[in-house]
Every structure is written in C-alpha cells, then in structure tokens.
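Colleague: I'd like to ask some things about the structure below.
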Amino acid sequence: LIVGRCTLCSLPWHRSGSHQACTLPCGHLFGLSCIVAELRRRRETPRERRERSECPICRQGAVEQQVRRVFVTAEAGSDELQQRRRREELDAELLREEELRRLAAERRDKAERRLAELQAVAVAQPGATAGALSTPPPVAVLVTS
C-alpha cells in the first residue's frame with residue numbers, strides 16, 4: 001500500500017490535484033505543489049541561483065520539468081479506505097476486549113460465589129481450617145496381589 005506524506009509540508013498527498021503524489025528522478029516523493037514551489041524557490045534564491053535545482057533530500061540535480069506525477073490505484077491511495085479498514089480493525093478489537101471483560105466478570109462472580117460458599121461452610125464448622133475445606137477427604141484404596 002502506498003501511504004505517505006509530503007516530506008516538505010508533512011501533509012498526506014492525494015491521488016490527484018495540486019498535492020498529488022509526485023517524484024523526482026532520484027525517486028523521492030513529494031506533494032506536487034510543494035516540490036514545484038521548492039524547485040522554483042531554489043532556482044530563484046540569489047544564493048542558490050542556478051539553471052538546475054536539486055532534490056531537497058538527496059541534493060541530486062532536478063528541474064521542474066522532471067517532476068513526474070505518481071498514479072496510484074484508488075485502493076492504494078485511498079485514505080478513506082485505509083481509515084475504514086483501520087476503524088473496522090479497531091471495532092473488532094473493541095468487541096474482543098468487551099468479550100474478555102465479560103468473561104473476566106463471569107469468572108470473578110463465580111469465584112466470589114465459591115468464596116462465599118466456603119466462608120459459609122467455615123462459619124458452620126468453626127473448627128475447620130481453610131485447607132480442610134478445600135481438600136477432599138482421602139480415599140481408601142484396597143490393593144490386592
């Protein structure tokens with residue numbers, strides 16, 4: 001999936017229009033309006049005035065005529081599709097979390113009921129110890145040869 005942001009303005013680029021994803025011969029990607037403005041600025045700045053400008057990332061020579069639009073499929077460049085998929089993933093994660101909380105609550109309730117039962121038995125049998133309540137009585141085994 002091609003997902004990205006313009007390295008000059010940090011905004012996502014678009015599939016078309018003035019901020020469409022584009023590339024220089026070096027392969028670095030930018031929003032169209034941003035790189036065109038940057039190449040013009042570099043060409044027109046007195047200190048940097050030259051016939052050729054350069055990529056702001058790798059400094060490889062580049063001119064405005066070398067800027068190439070990047071055409072991506074609707075799926076690959078669709079922010080809305082990606083957001084919908086991510087939302088679906090998050091919804092599924094929330095449902096799983098709710099299910100886990102429900103199961104934890106059921107187990108907690110069951111443990112609390114069992115504890116209450118054991119405490120009731122302990123009150124009814126004052127001499128019994130906690131170990132005696134939780135351990136079943138021994139079973140006699142007859143061994144024959």
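Letters A, B, ... mark the chains of the structure tokens in the order given; residue numbers begin at 1 per chain; ligand numbers begin at 1, in order shown.
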Which residues are near Ser33 in chain A? Cut-off 12 Å, only C-alpha atoms, ignore same chain within fewer than 6 positions. Put them as a list in words.
Modeller: Cys6, Leu8, Cys9, Leu11, Trp13, His14, Ser16, Gly17, Ser18, His19, Gln20, Ala21, Cys22, Thr23, Leu39, Arg40, Glu64, Val67, Arg68 and Arg69 of chain A
Colleague: If we count only C-alpha atoms, what is near Gln60 in chain A at a cut-off of 10 Å, once residues fewer than 4 positions away on the same chain are taken out, given as a list in words?
Modeller: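 Answer for this query is Leu24, Pro25, Cys26, Arg52, Ser53, Glu54, Cys55 and Pro56 of chain A.
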Colleague: Could you please determine the separation between CA of Arg15 in chain A and CA of Leu32 in chain A in Å, to one decimal place?
Modeller: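 According to the coordinates, CA of Arg15 in chain A and CA of Leu32 in chain A are separated by 10.6 Å.
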Colleague: Could you work out how far CA of Cys34 in chain A lies from CA of Ser10 in chain A, giving the answer in Å with one decimal?
Modeller: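 Answer for the CA of Ser10 in chain A to CA of Cys34 in chain A separation: 10.2 Å.
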Colleague: May I ask for the distance between CA of Arg102 in chain A and CA of Arg87 in chain A, given in Å to one decimal place?
Modeller: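 Computing it gives 22.3 Å between the two atoms.
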Colleague: Taking only range 31-73 of chain A into account, list the residues labelled helix (DSSP H, G or I) by DSSP (computed from the backbone), as number ranges by chain.
Modeller: A: 32-44, 46-48, 64-66
